[in-house]
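K.L.:
Sharing target.txt here; it has compact mmCIF, C-alpha atoms.
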```
# COMPACT_ATOMS: atom_id res chain seq x y z
CA MET A 1 77.26 -96.47 28.60
CA ARG A 2 73.68 -95.30 28.41
CA LEU A 3 72.89 -96.35 31.97
CA LEU A 4 72.93 -92.74 33.14
CA SER A 5 71.44 -91.35 29.93
CA THR A 6 67.93 -92.12 31.12
CA VAL A 7 68.71 -90.50 34.45
CA LEU A 8 70.49 -87.36 33.27
CA VAL A 9 69.03 -85.36 30.40
CA SER A 10 71.68 -82.75 29.93
CA THR A 11 74.55 -81.61 27.74
CA PHE A 12 78.06 -80.42 27.96
CA ALA A 13 79.56 -77.92 25.53
CA LEU A 14 82.89 -79.50 24.70
CA ALA A 15 85.44 -76.88 23.74
CA THR A 16 87.26 -77.64 20.50
CA SER A 17 91.02 -77.31 20.37
CA THR A 18 92.25 -73.85 19.37
CA PHE A 19 95.91 -74.73 19.62
CA ALA A 20 96.49 -73.94 15.98
CA GLN A 21 95.26 -70.36 16.32
CA THR A 22 96.74 -69.39 19.67
CA PRO A 23 99.65 -70.42 21.87
CA PRO A 24 99.12 -73.31 24.30
CA THR A 25 98.50 -71.24 27.42
CA GLN A 26 95.53 -69.52 25.75
CA GLY A 27 96.02 -66.66 28.18
CA TRP A 28 94.85 -63.85 25.94
CA PRO A 29 92.07 -63.87 23.30
CA ALA A 30 93.09 -64.59 19.75
CA SER A 31 93.59 -61.63 17.43
CA ARG A 32 90.84 -61.78 14.84
CA PRO A 33 90.28 -58.25 13.46
CA PRO A 34 87.68 -57.68 10.74
CA ALA A 35 88.86 -58.56 7.24
CA THR A 36 87.59 -55.22 5.85
CA PRO A 37 87.26 -51.68 7.25
CA PRO A 38 84.12 -51.13 9.34
CA ALA A 39 82.64 -48.77 6.71
CA GLN A 40 82.22 -51.61 4.24
CA SER A 41 79.21 -53.84 4.62
CA SER A 42 80.69 -57.32 4.53
CA PRO A 43 80.44 -60.29 6.86
CA PRO A 44 82.94 -60.53 9.71
CA ALA A 45 86.12 -62.42 9.12
CA GLN A 46 85.97 -66.08 9.94
CA PRO A 47 88.68 -67.57 12.14
CA SER A 48 91.58 -69.19 10.38
CA PRO A 49 91.15 -72.93 10.02
CA PRO A 50 93.29 -74.96 12.38
CA ALA A 51 96.37 -76.64 11.10
CA GLN A 52 95.64 -80.20 10.11
CA ALA A 53 97.76 -83.07 11.24
CA SER A 54 99.97 -84.42 8.50
CA PRO A 55 99.03 -87.81 7.02
CA PRO A 56 101.15 -90.73 8.15
CA ALA A 57 104.22 -91.33 6.04
CA GLN A 58 104.27 -94.31 3.72
CA ALA A 59 106.84 -97.03 4.19
CA GLY A 60 110.25 -95.83 3.06
CA GLN A 61 109.26 -92.15 3.11
CA ALA A 62 110.37 -89.49 5.56
CA PRO A 63 107.62 -88.37 7.94
CA ALA A 64 105.83 -85.20 6.93
CA PRO A 65 106.80 -82.08 8.93
CA VAL A 66 104.63 -81.04 11.85
CA PRO A 67 102.26 -78.29 10.64
CA LEU A 68 102.82 -74.74 11.81
CA PRO A 69 99.93 -72.91 13.47
CA SER A 70 98.23 -70.35 11.25
CA TRP A 71 99.28 -67.40 13.43
CA PHE A 72 102.97 -68.00 12.64
CA ALA A 73 102.43 -67.34 8.93
CA GLU A 74 100.26 -64.30 9.72
CA ILE A 75 103.09 -62.75 11.75
CA ASP A 76 105.96 -63.86 9.51
CA VAL A 77 104.85 -61.74 6.54
CA ASP A 78 108.45 -61.50 5.24
CA LYS A 79 108.75 -65.31 5.18
CA LYS A 80 111.98 -65.28 7.17
CA GLY A 81 111.01 -68.38 9.10
CA GLU A 82 111.21 -66.56 12.42
CA ILE A 83 109.39 -63.89 14.41
CA THR A 84 110.63 -61.62 17.17
CA ARG A 85 109.13 -61.05 20.58
CA ALA A 86 108.10 -57.54 19.54
CA GLN A 87 106.27 -58.87 16.46
CA PHE A 88 104.51 -61.51 18.53
CA LEU A 89 103.49 -58.95 21.14
CA ALA A 90 102.15 -56.52 18.53
CA TYR A 91 100.15 -59.27 16.82
CA ARG A 92 98.65 -60.67 19.99
CA MET A 93 97.79 -57.24 21.38
CA LYS A 94 95.68 -56.34 18.34
CA SER A 95 92.69 -57.83 20.11
CA PHE A 96 93.33 -55.58 23.13
CA GLU A 97 93.44 -52.51 20.91
CA ASP A 98 90.25 -53.52 19.09
CA LEU A 99 88.44 -54.08 22.38
CA ASP A 100 89.69 -50.81 23.89
CA THR A 101 87.04 -48.63 22.26
CA ASN A 102 87.79 -45.47 24.30
CA LYS A 103 91.57 -45.92 23.89
CA ASP A 104 92.40 -45.47 27.58
CA ASN A 105 94.75 -48.51 27.63
CA LYS A 106 92.47 -50.50 29.89
CA LEU A 107 89.43 -52.68 29.36
CA SER A 108 86.22 -52.56 31.33
CA LEU A 109 84.07 -55.66 31.70
CA GLU A 110 81.71 -54.27 29.07
CA GLU A 111 84.58 -53.77 26.60
CA TYR A 112 86.13 -57.15 27.29
CA SER A 113 82.81 -59.00 26.93
CA ARG A 114 82.92 -58.24 23.21
CA VAL A 115 85.35 -61.17 22.84
CA ALA A 116 82.22 -63.35 22.86
CA GLU A 117 80.93 -61.63 19.71
CA PRO A 118 82.13 -61.53 16.09
CA PRO A 119 84.78 -61.09 14.83
CA PHE A 120 86.54 -62.41 17.97
CA SER A 121 84.20 -65.36 18.37
CA VAL A 122 81.70 -66.84 15.94
CA ASP A 123 78.95 -69.42 16.17
CA THR A 124 79.98 -72.91 15.14
CA PRO A 125 77.84 -76.05 14.80
CA GLY A 126 77.80 -77.80 18.16
CA GLY A 127 79.91 -75.05 19.72
CA PRO A 128 79.12 -72.83 22.70
CA SER A 129 76.25 -70.39 22.42
CA LEU A 130 76.60 -66.61 22.69
CA GLU A 131 75.35 -66.77 26.28
CA GLU A 132 77.98 -69.38 27.17
CA ARG A 133 80.73 -67.33 25.56
CA ARG A 134 79.66 -64.22 27.47
CA ASN A 135 79.66 -66.12 30.77
CA ARG A 136 83.10 -67.46 29.96
CA ALA A 137 84.33 -63.96 29.11
CA LYS A 138 83.10 -62.69 32.47
CA ALA A 139 85.04 -65.41 34.28
CA GLU A 140 88.14 -64.72 32.19
CA PHE A 141 87.90 -61.01 33.00
CA GLN A 142 88.00 -61.76 36.72
CA ASN A 143 91.16 -63.85 36.25
CA LEU A 144 92.85 -61.26 34.03
CA ASP A 145 92.13 -58.41 36.45
CA THR A 146 94.93 -59.46 38.79
CA ASP A 147 94.97 -56.22 40.81
CA ARG A 148 91.17 -56.26 41.21
CA SER A 149 90.85 -52.73 39.89
CA GLY A 150 87.76 -53.52 37.84
CA PHE A 151 89.78 -53.10 34.64
CA VAL A 152 92.23 -55.19 32.64
CA GLU A 153 95.22 -52.92 32.22
CA ARG A 154 97.40 -53.19 29.13
CA ALA A 155 100.31 -54.32 31.30
CA GLU A 156 98.23 -57.20 32.68
CA ALA A 157 97.46 -58.40 29.16
CA GLU A 158 101.07 -58.04 28.00
CA VAL A 159 102.28 -60.23 30.86
CA LEU A 160 100.18 -63.08 29.50
CA VAL A 161 101.40 -62.55 25.94
CA HIS A 162 105.04 -62.62 27.08
CA SER A 163 104.31 -65.82 28.97
CA GLU A 164 102.83 -67.34 25.82
CA PHE A 165 105.91 -66.32 23.84
CA ASN A 166 108.13 -68.01 26.41
CA GLN A 167 106.27 -71.28 25.86
CA TYR A 168 107.75 -71.44 22.36
CA ASP A 169 111.11 -69.67 22.85
CA THR A 170 112.98 -72.74 24.06
CA ASP A 171 116.49 -71.28 23.58
CA ARG A 172 115.51 -67.93 25.15
CA ASP A 173 116.91 -65.79 22.33
CA ASN A 174 113.73 -63.70 22.00
CA ARG A 175 113.00 -65.20 18.58
CA LEU A 176 110.61 -67.93 17.53
CA THR A 177 111.88 -70.09 14.71
CA GLU A 178 109.92 -72.67 12.75
CA PRO A 179 111.75 -75.62 14.38
CA GLU A 180 110.96 -74.29 17.86
CA VAL A 181 107.28 -73.81 17.12
CA ARG A 182 107.00 -77.17 15.37
CA LEU A 183 108.56 -78.84 18.40
CA ILE A 184 106.01 -77.37 20.81
CA VAL A 185 103.15 -78.22 18.45
CA GLN A 186 104.48 -81.77 18.17
CA ARG A 187 104.62 -82.13 21.95
CA ALA A 188 101.08 -80.84 22.30
CA MET A 189 99.83 -83.25 19.64
CA ALA A 190 101.63 -86.10 21.42
CA ARG A 191 99.97 -85.20 24.72
CA GLN A 192 96.55 -85.09 23.09
CA SER A 193 97.19 -88.43 21.43
CA ALA A 194 98.28 -89.98 24.73
CA GLU A 195 95.14 -88.68 26.44
CA ARG A 196 92.95 -90.13 23.69
CA GLN A 197 94.71 -93.47 23.99
CA GLN A 198 94.23 -93.47 27.75
CA ILE A 199 90.51 -92.77 27.39
CA GLU A 200 90.20 -95.47 24.76
CA ALA A 201 92.01 -97.97 26.98
CA ARG A 202 89.73 -97.19 29.90
CA ARG A 203 86.69 -97.44 27.66
CA ARG A 204 87.75 -100.91 26.60
CA GLU A 205 87.86 -101.86 30.27
CA GLY A 206 84.16 -101.08 30.48
CA LEU A 207 84.63 -97.64 32.03
CA THR A 208 83.03 -94.39 30.93
CA ALA A 209 84.95 -91.13 30.88
CA LEU A 210 83.31 -87.77 31.52
CA ASN A 211 83.68 -86.77 27.87
CA ASP A 212 81.99 -89.97 26.75
CA LEU A 213 79.02 -89.32 28.98
CA MET A 214 78.80 -85.69 27.91
CA ASP A 215 78.82 -86.72 24.24
CA ILE A 216 75.75 -88.87 24.90
CA HIS A 217 73.98 -86.01 26.66
CA LEU A 218 74.93 -83.56 23.93
CA ARG A 219 73.28 -85.73 21.30
CA ASP A 220 70.20 -86.24 23.49
CA ALA A 221 69.85 -82.49 24.05
CA ASP A 222 70.24 -81.75 20.35
CA ARG A 223 67.38 -84.12 19.60
CA LEU A 224 65.17 -82.30 22.10
CA ASP A 225 66.05 -78.85 20.71
CA LYS A 226 63.58 -78.93 17.82
CA ASP A 227 63.86 -75.22 16.97
CA HIS A 228 67.69 -75.36 17.12
CA ASN A 229 68.04 -72.23 19.26
CA GLY A 230 70.46 -73.80 21.74
CA ARG A 231 67.84 -73.79 24.52
CA ILE A 232 65.25 -76.36 25.56
CA SER A 233 61.77 -75.25 26.55
CA GLN A 234 59.58 -77.14 28.98
CA GLN A 235 57.37 -78.23 26.10
CA GLU A 236 60.36 -79.68 24.25
CA TYR A 237 61.58 -81.37 27.44
CA LEU A 238 58.18 -82.99 28.06
CA VAL A 239 58.82 -85.27 25.08
CA LEU A 240 60.79 -87.40 27.56
CA ALA A 241 57.52 -88.31 29.29
CA GLY A 242 56.79 -90.69 26.43
CA PRO A 243 53.52 -91.53 24.68
CA ALA A 244 50.20 -90.95 26.37
CA ASP A 245 48.67 -94.23 25.21
CA GLY A 246 49.10 -97.10 22.81
CA LYS A 247 51.37 -100.13 22.91
CA GLU A 248 54.45 -98.05 23.77
CA ALA A 249 52.73 -96.74 26.88
CA GLN A 250 51.90 -100.18 28.23
CA GLY A 251 53.67 -100.92 31.50
CA LEU A 252 54.50 -97.26 32.11
CA LEU A 253 53.18 -94.95 34.77
CA PRO A 254 50.11 -92.88 33.85
CA ILE A 255 51.00 -90.03 31.53
CA ASP A 256 50.07 -87.34 34.06
CA ILE A 257 52.47 -88.88 36.59
CA ARG A 258 55.25 -89.13 34.03
CA ARG A 259 54.75 -85.50 33.06
CA LYS A 260 55.02 -84.41 36.68
CA LEU A 261 58.28 -86.35 37.03
CA ILE A 262 59.72 -84.71 33.91
CA ILE A 263 58.65 -81.23 35.03
CA ARG A 264 60.29 -81.86 38.41
CA LYS A 265 63.55 -82.77 36.66
CA PHE A 266 63.22 -79.71 34.40
CA GLN A 267 62.84 -77.41 37.42
CA ASP A 268 65.86 -79.01 39.06
CA ILE A 269 68.04 -78.17 36.06
CA ASP A 270 66.52 -74.70 35.42
CA ILE A 271 68.73 -72.79 37.86
CA ASP A 272 67.65 -69.26 36.87
CA LYS A 273 63.97 -70.30 36.70
CA ASP A 274 63.37 -68.66 33.33
CA GLY A 275 61.50 -71.66 31.93
CA MET A 276 64.32 -72.55 29.51
CA LEU A 277 67.28 -74.88 29.82
CA SER A 278 70.50 -73.33 28.54
CA ARG A 279 73.65 -75.25 27.78
CA VAL A 280 75.26 -73.70 30.84
CA GLU A 281 72.52 -75.09 33.10
CA LEU A 282 72.60 -78.48 31.40
CA THR A 283 76.37 -78.58 31.73
CA ALA A 284 76.28 -77.78 35.43
CA TYR A 285 73.63 -80.41 36.07
CA ALA A 286 75.42 -83.14 34.11
CA LEU A 287 78.75 -82.41 35.76
CA ARG A 288 77.15 -82.49 39.21
CA GLN A 289 75.56 -85.85 38.48
CA PHE A 290 78.84 -87.27 37.18
CA LEU A 291 80.78 -86.14 40.25
CA GLU A 292 78.15 -87.63 42.54
CA SER A 293 78.31 -90.94 40.67
CA ASP A 294 82.12 -91.13 40.53
CA LEU A 295 82.41 -92.62 44.01
CA ASN A 296 86.11 -93.55 43.83
CA LYS A 297 87.01 -90.19 42.21
CA ASP A 298 89.03 -91.75 39.39
CA ARG A 299 87.23 -89.66 36.74
CA PHE A 300 85.62 -92.74 35.25
CA LEU A 301 82.33 -94.50 35.87
CA ASP A 302 82.27 -98.27 36.12
CA GLU A 303 79.23 -100.51 35.96
CA ALA A 304 78.83 -100.64 39.75
CA GLU A 305 78.90 -96.83 40.04
CA GLY A 306 76.36 -96.52 37.25
CA LYS A 307 74.08 -99.04 38.95
CA LYS A 308 74.27 -97.19 42.26
CA ALA A 309 73.50 -93.92 40.52
CA GLN A 310 70.43 -95.48 38.97
CA GLU A 311 69.35 -96.84 42.36
CA ARG A 312 69.67 -93.39 43.92
CA GLU A 313 67.58 -91.87 41.18
CA THR A 314 64.96 -94.60 41.55
CA GLU A 315 64.69 -93.84 45.26
CA LYS A 316 64.21 -90.15 44.49
CA VAL A 317 61.43 -91.00 42.05
CA ARG A 318 59.72 -93.24 44.60
CA ALA A 319 59.89 -90.53 47.24
CA PHE A 320 58.37 -88.04 44.81
CA LEU A 321 55.61 -90.47 43.85
CA GLN A 322 54.69 -90.82 47.51
CA THR A 323 54.09 -87.09 47.68
CA LEU A 324 51.59 -87.49 44.84
CA GLN A 325 49.53 -90.11 46.68
CA PRO A 326 46.23 -88.70 47.97
CA GLN A 327 46.10 -88.33 51.73
CA ALA A 328 43.78 -90.85 53.37
CA PRO A 329 41.04 -89.09 55.34
CA PRO A 330 41.48 -89.46 59.11
CA ARG A 331 39.33 -92.11 60.68
CA GLN A 332 36.35 -90.71 62.50
CA GLN A 333 36.05 -92.07 65.98
CA GLN A 334 32.67 -93.57 66.64
CA GLN A 335 30.90 -91.71 69.38
CA ARG A 336 30.29 -94.03 72.27
CA PRO A 337 26.89 -93.72 73.93
CA ALA A 338 27.00 -91.95 77.25
CA PRO A 339 26.91 -94.35 80.21
CA ALA A 340 23.40 -94.91 81.56
CA GLN A 341 22.64 -92.90 84.65
CA PRO A 342 21.27 -94.88 87.64
CA ARG A 343 17.52 -94.59 87.68
CA GLN A 344 16.24 -92.69 90.68
CA PRO A 345 13.38 -94.39 92.56
CA GLN A 346 10.11 -92.60 92.12
CA PRO A 347 7.83 -92.01 95.15
CA ALA A 348 4.76 -94.13 95.42
CA PRO A 349 1.77 -92.35 94.10
CA GLY A 350 -0.53 -90.77 96.64
CA LEU A 351 2.05 -90.44 99.45
CA PRO A 352 3.64 -87.12 100.34
CA GLN A 353 7.39 -86.74 99.92
CA GLY A 354 9.37 -88.02 102.88
CA THR A 355 6.58 -90.13 104.39
CA ARG A 356 7.43 -93.40 102.69
```
Starting from the file, give its structure as structure tokens.
P.N.:
Amino acid sequence: MRLLSTVLVSTFALATSTFAQTPPTQGWPASRPPATPPAQSSPPAQPSPPAQASPPAQAGQAPAPVPLPSWFAEIDVDKKGEITRAQFLAYRMKSFEDLDTNKDNKLSLEEYSRVAEPPFSVDTPGGPSLEERRNRAKAEFQNLDTDRSGFVERAEAEVLVHSEFNQYDTDRDNRLTEPEVRLIVQRAMARQSAERQQIEARRREGLTALNDLMDIHLRDADRLDKDHNGRISQQEYLVLAGPADGKEAQGLLPIDIRRKLIIRKFQDIDIDKDGMLSRVELTAYALRQFLESDLNKDRFLDEAEGKKAQERETEKVRAFLQTLQPQAPPRQQQQRPAPAQPRQPQPAPGLPQGTR
């Protein structure tokens, strides 16, 4: 539904699934150490590709096994088909050890923020920017620092890793076998499939989900970002004002008025007032608009909600246009002539005063 697309010019950085690289709770950053020693000049290691879903089985064939996540093979170097809790803990805590540059068994915010940088996190097409990843890391740090000491202690990180292990260890024998891991992966894939089916069913009913709307805004923002730096300048944003003249400008407001409207919208989105729109700012604006439009709070927008949202925006535009109207000069009151004073009788000529 593009009804709100003309009202909201924003984007939402949709996180891609990392289930194949890390356990489902995603409580602790994935272990992605450099592929070569630091002394060698080579590019950072790229993250392992996610496990792909198996193709559907042909008639008469047994279904293909559920794929194992890549981290299982990285831990199970002996190919035993199982990994212990100690092996899992050691593997997952590699990222902690790499981040702990001063080796004091605790991470400061500065140390932890490196998870937003290579090799722990890399730029991907359409993925979150470095600024977004750093903001996310800061929020994660606050959640991980459970005792509010200003540091993430090793024990705090290990608690999360043990919790992740427990997600897979269904028989509680402190070992993860291939069948156990495949079962959890299968359940997660089933949940994701059910969610996609639900969204598709609602879409067919003429409703728009948040993700659908954000996809539209993401494409719109990408078209505005001509220099592909992940940020939109005011000059790039002003393209939305449309042509200054010609056939395409017929029936539109004057170009100077349209530019003022676009700049007003730009300033509304630009929270930090740096003259650039980041994906974080665009995300916050789009989400706020969606929540305001979702009147029945069912996480979908129907046609009536979209129409009301458009009406609200139209009223805002009208109110802004009124502020641009020149003030009429106050009417000058015409000065009324002073009332005529009664004429005093003049004495007859030749007679002294008081003798008439």
K.L.:
Counting only C-alpha atoms, figure out which residue out of A:Asp173, A:Glu205, A:Asp145, A:Glu156 gets nearest to A:Leu301.
P.N.:
A:Glu205
K.L.:
Please identify all polymer residues within 8 Å of A:Ala137, counting all atoms listed in the file, omitting same-chain residues fewer than 3 positions from it, and present them as a compact mmCIF listing (two decimals) with C-alpha atoms, in the frame of the given file.
P.N.:
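Once everything was written out, this is out-v6.txt:
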```
# COMPACT_ATOMS: atom_id res chain seq x y z
CA TYR A 112 86.13 -57.15 27.29
CA SER A 113 82.81 -59.00 26.93
CA VAL A 115 85.35 -61.17 22.84
CA ALA A 116 82.22 -63.35 22.86
CA ARG A 133 80.73 -67.33 25.56
CA ARG A 134 79.66 -64.22 27.47
CA GLU A 140 88.14 -64.72 32.19
CA PHE A 141 87.90 -61.01 33.00
```
K.L.:
Please determine, counting only C-alpha atoms, which residue among A:Gly242, A:Ile263, A:Asp220, A:Ala157 has the shortest atom-to-atom distance to A:Glu97.
P.N.:
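Of A:Gly242, A:Ile263, A:Asp220, A:Ala157, the one nearest A:Glu97, counting only C-alpha atoms, is A:Ala157.
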K.L.:
Per residue of stretch 108-212 of chain A within 12 Å of stretch 275-278 of chain A, which atom pair is closest and at what distance in Å (one decimal), using all atoms listed in the file, listed by chain and increasing number, as a Markdown table?
P.N.:
```
| residue | atom | partner | partner_atom | distance |
| --- | --- | --- | --- | --- |
| A:Pro128 | CA | A:Ser278 | CA | 10.4 |
| A:Ser129 | CA | A:Ser278 | CA | 8.9 |
| A:Leu130 | CA | A:Ser278 | CA | 10.8 |
| A:Glu131 | CA | A:Ser278 | CA | 8.5 |
| A:Glu132 | CA | A:Ser278 | CA | 8.6 |
| A:Asn135 | CA | A:Ser278 | CA | 11.9 |
```
K.L.:
For a test of reading the model, state the distance in Å between atom CA of A:Lys316 and atom CA of A:Gln289, rounded to one decimal.
P.N.:
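Taking atom CA of A:Lys316 and atom CA of A:Gln289, their separation equals 13.5 Å.
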K.L.:
For atom CA of A:Ala30 and atom CA of A:Ile83, determine how far apart the two atoms are, in Å to one decimal place.
P.N.:
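Distance between the two atoms: 17.2 Å.
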K.L.:
Please compute the atom CA of A:Pro67-atom CA of A:Val161 distance, one decimal, in Å.
P.N.:
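Atom-to-atom, atom CA of A:Pro67 and atom CA of A:Val161 are spaced 22.0 Å apart.
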K.L.:
Which is closest to A:Val77 among A:Ala309, A:Arg136, A:Met214, A:Tyr91, if we use only C-alpha atoms?
P.N.:
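Nearest candidate to A:Val77 out of A:Ala309, A:Arg136, A:Met214, A:Tyr91: A:Tyr91.
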K.L.:
To box stretch 192-201 of chain A, take all atoms listed in the file, fit an axis-aligned box, add 8 Å on each side, and give centre and edge lengths in Å to one decimal, as JSON.
P.N.:
```
{"center_x": 94.2, "center_y": -91.5, "center_z": 24.6, "size_x": 24.1, "size_y": 28.9, "size_z": 22.3}
```
K.L.:
Taking into account only C-alpha atoms, which residue in the set A:Gln267, A:Thr208, A:Asn174, A:Gln322 is nearest to A:Tyr237?
P.N.:
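For A:Tyr237, the nearest of the given residues is A:Gln267.
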K.L.:
With all atoms listed in the file as the basis for distance, which of A:Ile232, A:Leu99, A:Ala155, A:Ile184 is at the shortest distance from A:Asp274?
P.N.:
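Looking only at the distances to A:Asp274, the closest residue turns out to be A:Ile232.
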K.L.:
Counting only C-alpha atoms, figure out which residue out of A:Phe300, A:Pro326, A:Asp76, A:Ser121 gets nearest to A:Ala201.
P.N.:
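Of A:Phe300, A:Pro326, A:Asp76, A:Ser121, the one nearest A:Ala201, counting only C-alpha atoms, is A:Phe300.
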K.L.:
Would you kindly return, as a PyMOL selection string, each protein, DNA or RNA residue with an atom no farther than 8 Å from any atom of A:Lys106, considering only C-alpha atoms and excluding same-chain residues fewer than 3 positions away?
P.N.:
chain A and resi 100+103+151-154
